[in-house]
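J.: Data file model-v4.cif (mmCIF, C-alpha atoms) is appended below.
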data_final
#
loop_
_atom_site.group_PDB
_atom_site.id
_atom_site.type_symbol
_atom_site.label_atom_id
_atom_site.label_comp_id
_atom_site.auth_asym_id
_atom_site.auth_seq_id
_atom_site.Cartn_x
_atom_site.Cartn_y
_atom_site.Cartn_z
ATOM 1 C CA MET H 1 41.395 -5.025 -52.315
ATOM 2 C CA ARG H 2 37.816 -4.812 -51.240
ATOM 3 C CA ASN H 3 37.870 -8.418 -49.988
ATOM 4 C CA ILE H 4 40.874 -7.756 -47.752
ATOM 5 C CA PHE H 5 39.122 -4.750 -46.180
ATOM 6 C CA PHE H 6 36.038 -6.836 -45.188
ATOM 7 C CA LYS H 7 38.267 -9.624 -43.842
ATOM 8 C CA LYS H 8 40.067 -7.116 -41.621
ATOM 9 C CA ILE H 9 36.752 -5.784 -40.309
ATOM 10 C CA LEU H 10 35.463 -9.308 -39.632
ATOM 11 C CA VAL H 11 38.663 -10.307 -37.850
ATOM 12 C CA SER H 12 38.552 -7.092 -35.803
ATOM 13 C CA LEU H 13 34.937 -7.710 -34.722
ATOM 14 C CA VAL H 14 35.682 -11.307 -33.749
ATOM 15 C CA LEU H 15 38.739 -10.142 -31.801
ATOM 16 C CA ILE H 16 36.664 -7.498 -29.959
ATOM 17 C CA VAL H 17 34.035 -10.089 -28.980
ATOM 18 C CA VAL H 18 36.632 -12.618 -27.820
ATOM 19 C CA LEU H 19 38.564 -10.029 -25.790
ATOM 20 C CA GLY H 20 35.331 -8.708 -24.313
ATOM 21 C CA MET H 21 34.393 -12.192 -23.152
ATOM 22 C CA LEU H 22 37.852 -12.839 -21.732
ATOM 23 C CA PHE H 23 38.196 -9.591 -19.798
ATOM 24 C CA GLY H 24 34.530 -8.980 -19.050
ATOM 25 C CA GLY H 25 33.747 -12.508 -17.978
ATOM 26 C CA CYS H 26 30.592 -14.509 -18.358
ATOM 27 C CA ALA H 27 30.164 -15.538 -14.724
ATOM 28 C CA PRO H 28 27.211 -14.371 -12.630
ATOM 29 C CA THR H 29 27.750 -11.395 -10.376
ATOM 30 C CA ALA H 30 28.901 -11.904 -6.804
ATOM 31 C CA PRO H 31 26.318 -11.688 -3.988
ATOM 32 C CA PRO H 32 26.147 -8.346 -2.174
ATOM 33 C CA THR H 33 28.399 -7.951 0.817
ATOM 34 C CA GLY H 34 27.409 -6.306 4.074
ATOM 35 C CA PRO H 35 24.524 -6.734 6.463
ATOM 36 C CA VAL H 36 21.174 -7.927 5.170
ATOM 37 C CA VAL H 37 18.363 -5.656 6.326
ATOM 38 C CA PRO H 38 15.181 -7.550 7.265
ATOM 39 C CA THR H 39 12.033 -6.544 5.469
ATOM 40 C CA THR H 40 9.859 -7.177 8.537
ATOM 41 C CA TYR H 41 10.492 -6.710 12.237
ATOM 42 C CA THR H 42 9.327 -8.108 15.569
ATOM 43 C CA ILE H 43 8.229 -5.186 17.723
ATOM 44 C CA THR H 44 6.786 -4.605 21.178
ATOM 45 C CA VAL H 45 3.598 -2.548 21.433
ATOM 46 C CA MET H 46 3.238 -1.085 24.914
ATOM 47 C CA SER H 47 0.594 0.759 26.911
ATOM 48 C CA GLY H 48 1.922 3.677 28.897
ATOM 49 C CA ALA H 49 -1.340 4.569 30.661
ATOM 50 C CA GLY H 50 -4.128 2.923 32.584
ATOM 51 C CA ASN H 51 -6.762 3.859 30.031
ATOM 52 C CA VAL H 52 -4.821 2.637 26.974
ATOM 53 C CA PHE H 53 -5.584 -0.982 26.045
ATOM 54 C CA GLY H 54 -7.000 -2.984 23.158
ATOM 55 C CA SER H 55 -6.336 -5.202 20.189
ATOM 56 C CA VAL H 56 -3.346 -4.345 18.019
ATOM 57 C CA TYR H 57 -3.882 -3.537 14.336
ATOM 58 C CA VAL H 58 -1.086 -3.212 11.765
ATOM 59 C CA ASN H 59 -1.890 -1.553 8.441
ATOM 60 C CA GLY H 60 -5.604 -2.040 9.103
ATOM 61 C CA LEU H 61 -5.368 -5.767 9.838
ATOM 62 C CA PRO H 62 -5.801 -7.347 13.280
ATOM 63 C CA THR H 63 -2.698 -9.117 14.601
ATOM 64 C CA GLY H 64 -4.513 -11.195 17.224
ATOM 65 C CA ASP H 65 -2.438 -9.565 19.971
ATOM 66 C CA TYR H 66 -3.956 -7.652 22.890
ATOM 67 C CA VAL H 67 -2.314 -4.928 24.950
ATOM 68 C CA ALA H 68 -3.591 -4.661 28.528
ATOM 69 C CA ALA H 69 -3.422 -1.389 30.471
ATOM 70 C CA TRP H 70 0.233 -0.768 31.446
ATOM 71 C CA GLY H 71 1.135 -3.954 29.525
ATOM 72 C CA GLY H 72 2.674 -4.908 26.245
ATOM 73 C CA ALA H 73 2.450 -7.362 23.361
ATOM 74 C CA THR H 74 5.003 -8.720 20.915
ATOM 75 C CA VAL H 75 3.979 -8.426 17.281
ATOM 76 C CA SER H 76 5.986 -10.043 14.488
ATOM 77 C CA GLY H 77 6.037 -9.438 10.749
ATOM 78 C CA VAL H 78 5.736 -5.645 10.963
ATOM 79 C CA PRO H 79 7.191 -3.787 7.954
ATOM 80 C CA ALA H 80 8.914 -0.435 8.285
ATOM 81 C CA GLY H 81 6.440 2.418 7.870
ATOM 82 C CA ALA H 82 3.489 0.360 9.098
ATOM 83 C CA ALA H 83 0.496 2.128 10.637
ATOM 84 C CA ILE H 84 -0.162 0.706 14.117
ATOM 85 C CA TYR H 85 -3.189 1.441 16.278
ATOM 86 C CA LEU H 86 -5.320 -0.098 19.027
ATOM 87 C CA ILE H 87 -9.053 -0.783 19.175
ATOM 88 C CA ASP H 88 -10.528 -1.278 22.645
ATOM 89 C CA PRO H 89 -13.395 -3.709 23.406
ATOM 90 C CA GLY H 90 -15.893 -0.852 23.076
ATOM 91 C CA GLY H 91 -14.780 -0.158 19.496
ATOM 92 C CA TRP H 92 -12.838 3.038 20.206
ATOM 93 C CA VAL H 93 -9.856 3.500 17.906
ATOM 94 C CA SER H 94 -6.643 5.002 19.246
ATOM 95 C CA HIS H 95 -4.372 7.387 17.420
ATOM 96 C CA THR H 96 -2.037 5.860 14.818
ATOM 97 C CA GLU H 97 1.688 5.383 15.321
ATOM 98 C CA ILE H 98 3.914 4.957 12.271
ATOM 99 C CA PHE H 99 6.607 2.328 12.890
ATOM 100 C CA ASN H 100 10.157 3.481 12.143
ATOM 101 C CA PRO H 101 12.847 0.889 12.936
ATOM 102 C CA ILE H 102 15.470 3.634 13.261
ATOM 103 C CA SER H 103 13.613 4.912 16.346
ATOM 104 C CA GLY H 104 13.635 1.473 17.980
ATOM 105 C CA LEU H 105 11.512 -1.649 18.118
ATOM 106 C CA VAL H 106 9.099 -0.434 20.818
ATOM 107 C CA VAL H 107 5.892 1.412 19.946
ATOM 108 C CA LEU H 108 4.459 3.191 22.995
ATOM 109 C CA PHE H 109 0.836 4.282 23.293
ATOM 110 C CA ASN H 110 0.610 6.600 26.302
ATOM 111 C CA TRP H 111 -2.567 8.440 25.285
ATOM 112 C CA TRP H 112 -5.651 7.294 23.484
#
Please go through the file and, once you have read it, give me the structure as structure tokens.
T.:
Amino acid sequence: MRNIFFKKILVSLVLIVVLGMLFGGCAPTAPPTGPVVPTTYTITVMSGAGNVFGSVYVNGLPTGDYVAAWGGATVSGVPAGAAIYLIDPGGWVSHTEIFNPISGLVVLFNWW
């Protein structure tokens, strides 16, 4: 009697595993659907005043781009939430703008 009970339990466990594999599947999950959001952006940094110009810095690192007075520069590889500022040739540091892609891809410096 005891042997029959253990056989029933073993058969039940095997059946649960087999049914789980059949209905649950063993295939990898499908790739996500919908738009893929980029992790970095290409932005335009613009000067909105005659006394606003300088080298562009993103998160404390120079980008190699220069914004002339009333001009602009295209900067690539900018992550969302990046701190962007300018440093003029005299070493003066502008205020910092925080890049938010929801607000657009243009960062305007119209005061130092």
J.: Mind giving me the straight-line distance from CA of Gly77 (chain H) to CA of Ile43 (chain H) in Å, one decimal?
T.: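 Spanning CA of Gly77 (chain H) to CA of Ile43 (chain H) is a straight-line distance of 8.5 Å.
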J.: Just the residues within 8 Å of Tyr57 (chain H), please, counting only C-alpha atoms, with nothing from its chain fewer than 4 positions along; format it as a list in words.
T.: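 What passes the distance filter is Leu61, Pro62, Thr63, Ile84, Tyr85, Leu86 and Ile87 of chain H.
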J.: Evaluate the PyMOL selection byres ((chain H and resi 49) around 7) and record the selected residues as a list in words, following the chain and residue labels used in the document.
T.: Ser47, Gly48, Gly50, Asn51, Val52, Ala69, Trp70, Asn110 and Trp111 of chain H
J.: Write the residues you've just listed into a file as a compact mmCIF listing (two decimals), keeping the file's coordinate frame, and include C-alpha atoms for each of them.
T.:
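part-v4.txt was written with the following content:
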# COMPACT_ATOMS: atom_id res chain seq x y z
CA SER H 47 0.59 0.76 26.91
CA GLY H 48 1.92 3.68 28.90
CA GLY H 50 -4.13 2.92 32.58
CA ASN H 51 -6.76 3.86 30.03
CA VAL H 52 -4.82 2.64 26.97
CA ALA H 69 -3.42 -1.39 30.47
CA TRP H 70 0.23 -0.77 31.45
CA ASN H 110 0.61 6.60 26.30
CA TRP H 111 -2.57 8.44 25.28
J.: Please, what distance in Å, to one decimal, runs between CA of Val56 (chain H) and CA of Ser94 (chain H)?
T.: 10.0 Å
J.: Give the answer as one residue: which of H:Gly90, H:Thr33, H:Phe6, H:Ile102 has the shortest atom-to-atom distance to Ser55 (chain H), using all atoms listed in the file?
T.: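 For Ser55 (chain H), the nearest of the given residues is H:Gly90.
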J.: Could you tell me which of H:Gly54, H:Gly81, H:Gly20, H:Pro31 comes closest to Ile98 (chain H) if we count all atoms listed in the file?
T.: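 For Ile98 (chain H), the nearest of the given residues is H:Gly81.
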J.: I'd like to know which of H:Val17, H:Val11, H:Val45, H:Val36 is closest to Ser76 (chain H), using all atoms listed in the file.
T.: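 The answer is H:Val45, which sits nearest to Ser76 (chain H).
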J.: Rounded to one decimal, what separation in Å do you get between CA of Phe99 (chain H) and CA of Val58 (chain H)?
T.: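 These two atoms are separated by 9.5 Å.
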J.: Which is closer to Thr42 (chain H) than all the others in H:Pro79, H:Asp88, H:Met21, H:Lys8, using all atoms listed in the file?
T.: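 Once distances to Thr42 (chain H) are computed over all atoms listed in the file, the minimum belongs to H:Pro79.
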J.: Taking only C-alpha atoms into account, which of H:Ala30, H:Thr39, H:Gly91, H:Phe5 comes nearest Phe53 (chain H)?
T.: H:Gly91
J.: Using 5 Å of padding on each side, determine the axis-aligned box around all atoms of region 41-51 of chain H present in the file and give its centre and edge lengths in Å to one decimal, as AutoDock Vina command-line options.
T.:
--center_x 1.9 --center_y -1.8 --center_z 22.4 --size_x 27.3 --size_y 22.7 --size_z 30.3
J.: Write out as an mmCIF file with C-alpha atoms, in the coordinates of the input each polymer residue whose atoms come within 8 Å of Gly72 (chain H), counting all atoms listed in the file; drop sequence neighbours fewer than 4 positions from it.
T.:
data_model
loop_
_atom_site.group_PDB
_atom_site.id
_atom_site.type_symbol
_atom_site.label_atom_id
_atom_site.label_comp_id
_atom_site.auth_asym_id
_atom_site.auth_seq_id
_atom_site.Cartn_x
_atom_site.Cartn_y
_atom_site.Cartn_z
ATOM 1 C CA THR H 44 6.786 -4.605 21.178
ATOM 2 C CA VAL H 45 3.598 -2.548 21.433
ATOM 3 C CA MET H 46 3.238 -1.085 24.914
ATOM 4 C CA SER H 47 0.594 0.759 26.911
ATOM 5 C CA TYR H 66 -3.956 -7.652 22.890
ATOM 6 C CA VAL H 67 -2.314 -4.928 24.950
ATOM 7 C CA ALA H 68 -3.591 -4.661 28.528
#
J.: I need the residue nearest Gly71 (chain H) from this list: H:Ser103, H:Val14, H:Leu108, H:Tyr41. Use only C-alpha atoms for the distance.
T.: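 Smallest distance to Gly71 (chain H) is found for H:Leu108.
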J.: Please, could N, CA and C atoms be added to region 70-91 of chain H and the result written as a PDB file, keeping the file's coordinate frame?
T.:
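Here's the written file rebuild13.pdb:
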ATOM      1  N   TRP H  70      -1.127  -0.721  30.906  1.00  0.00           N
ATOM      2  CA  TRP H  70       0.233  -0.768  31.446  1.00  0.00           C
ATOM      3  C   TRP H  70       0.997  -2.009  30.988  1.00  0.00           C
ATOM      4  N   GLY H  71       0.490  -2.726  29.997  1.00  0.00           N
ATOM      5  CA  GLY H  71       1.135  -3.954  29.525  1.00  0.00           C
ATOM      6  C   GLY H  71       1.736  -3.795  28.147  1.00  0.00           C
ATOM      7  N   GLY H  72       2.071  -4.922  27.572  1.00  0.00           N
ATOM      8  CA  GLY H  72       2.674  -4.908  26.245  1.00  0.00           C
ATOM      9  C   GLY H  72       2.379  -6.200  25.502  1.00  0.00           C
ATOM     10  N   ALA H  73       2.633  -6.186  24.213  1.00  0.00           N
ATOM     11  CA  ALA H  73       2.450  -7.362  23.361  1.00  0.00           C
ATOM     12  C   ALA H  73       3.546  -7.370  22.308  1.00  0.00           C
ATOM     13  N   THR H  74       4.006  -8.564  21.965  1.00  0.00           N
ATOM     14  CA  THR H  74       5.003  -8.720  20.915  1.00  0.00           C
ATOM     15  C   THR H  74       4.301  -9.044  19.606  1.00  0.00           C
ATOM     16  N   VAL H  75       4.607  -8.268  18.596  1.00  0.00           N
ATOM     17  CA  VAL H  75       3.979  -8.426  17.281  1.00  0.00           C
ATOM     18  C   VAL H  75       5.087  -8.671  16.262  1.00  0.00           C
ATOM     19  N   SER H  76       4.963  -9.737  15.492  1.00  0.00           N
ATOM     20  CA  SER H  76       5.986 -10.043  14.488  1.00  0.00           C
ATOM     21  C   SER H  76       5.467  -9.777  13.084  1.00  0.00           C
ATOM     22  N   GLY H  77       6.397  -9.651  12.149  1.00  0.00           N
ATOM     23  CA  GLY H  77       6.037  -9.438  10.749  1.00  0.00           C
ATOM     24  C   GLY H  77       5.600  -8.027  10.432  1.00  0.00           C
ATOM     25  N   VAL H  78       6.130  -7.045  11.165  1.00  0.00           N
ATOM     26  CA  VAL H  78       5.736  -5.645  10.963  1.00  0.00           C
ATOM     27  C   VAL H  78       6.734  -4.983  10.004  1.00  0.00           C
ATOM     28  N   PRO H  79       6.273  -4.466   8.873  1.00  0.00           N
ATOM     29  CA  PRO H  79       7.191  -3.787   7.954  1.00  0.00           C
ATOM     30  C   PRO H  79       7.482  -2.362   8.416  1.00  0.00           C
ATOM     31  N   ALA H  80       8.591  -1.828   7.986  1.00  0.00           N
ATOM     32  CA  ALA H  80       8.914  -0.435   8.285  1.00  0.00           C
ATOM     33  C   ALA H  80       7.852   0.466   7.649  1.00  0.00           C
ATOM     34  N   GLY H  81       7.458   1.492   8.366  1.00  0.00           N
ATOM     35  CA  GLY H  81       6.440   2.418   7.870  1.00  0.00           C
ATOM     36  C   GLY H  81       5.017   1.971   8.105  1.00  0.00           C
ATOM     37  N   ALA H  82       4.837   0.884   8.858  1.00  0.00           N
ATOM     38  CA  ALA H  82       3.489   0.360   9.098  1.00  0.00           C
ATOM     39  C   ALA H  82       2.702   1.295  10.020  1.00  0.00           C
ATOM     40  N   ALA H  83       1.400   1.368   9.782  1.00  0.00           N
ATOM     41  CA  ALA H  83       0.496   2.128  10.637  1.00  0.00           C
ATOM     42  C   ALA H  83      -0.028   1.190  11.720  1.00  0.00           C
ATOM     43  N   ILE H  84       0.223   1.552  12.987  1.00  0.00           N
ATOM     44  CA  ILE H  84      -0.162   0.706  14.117  1.00  0.00           C
ATOM     45  C   ILE H  84      -1.140   1.479  14.986  1.00  0.00           C
ATOM     46  N   TYR H  85      -2.229   0.821  15.364  1.00  0.00           N
ATOM     47  CA  TYR H  85      -3.189   1.441  16.278  1.00  0.00           C
ATOM     48  C   TYR H  85      -3.869   0.365  17.104  1.00  0.00           C
ATOM     49  N   LEU H  86      -4.597   0.803  18.131  1.00  0.00           N
ATOM     50  CA  LEU H  86      -5.320  -0.098  19.027  1.00  0.00           C
ATOM     51  C   LEU H  86      -6.818   0.139  18.879  1.00  0.00           C
ATOM     52  N   ILE H  87      -7.598  -0.913  19.091  1.00  0.00           N
ATOM     53  CA  ILE H  87      -9.053  -0.783  19.175  1.00  0.00           C
ATOM     54  C   ILE H  87      -9.469  -1.467  20.470  1.00  0.00           C
ATOM     55  N   ASP H  88     -10.131  -0.700  21.352  1.00  0.00           N
ATOM     56  CA  ASP H  88     -10.528  -1.278  22.645  1.00  0.00           C
ATOM     57  C   ASP H  88     -11.804  -2.108  22.475  1.00  0.00           C
ATOM     58  N   PRO H  89     -12.199  -2.858  23.522  1.00  0.00           N
ATOM     59  CA  PRO H  89     -13.395  -3.709  23.406  1.00  0.00           C
ATOM     60  C   PRO H  89     -14.677  -2.947  23.072  1.00  0.00           C
ATOM     61  N   GLY H  90     -14.718  -1.656  23.400  1.00  0.00           N
ATOM     62  CA  GLY H  90     -15.893  -0.852  23.076  1.00  0.00           C
ATOM     63  C   GLY H  90     -15.908  -0.337  21.643  1.00  0.00           C
ATOM     64  N   GLY H  91     -14.833  -0.596  20.886  1.00  0.00           N
ATOM     65  CA  GLY H  91     -14.780  -0.158  19.496  1.00  0.00           C
ATOM     66  C   GLY H  91     -14.072   1.165  19.285  1.00  0.00           C
TER      67      GLY H  91
END
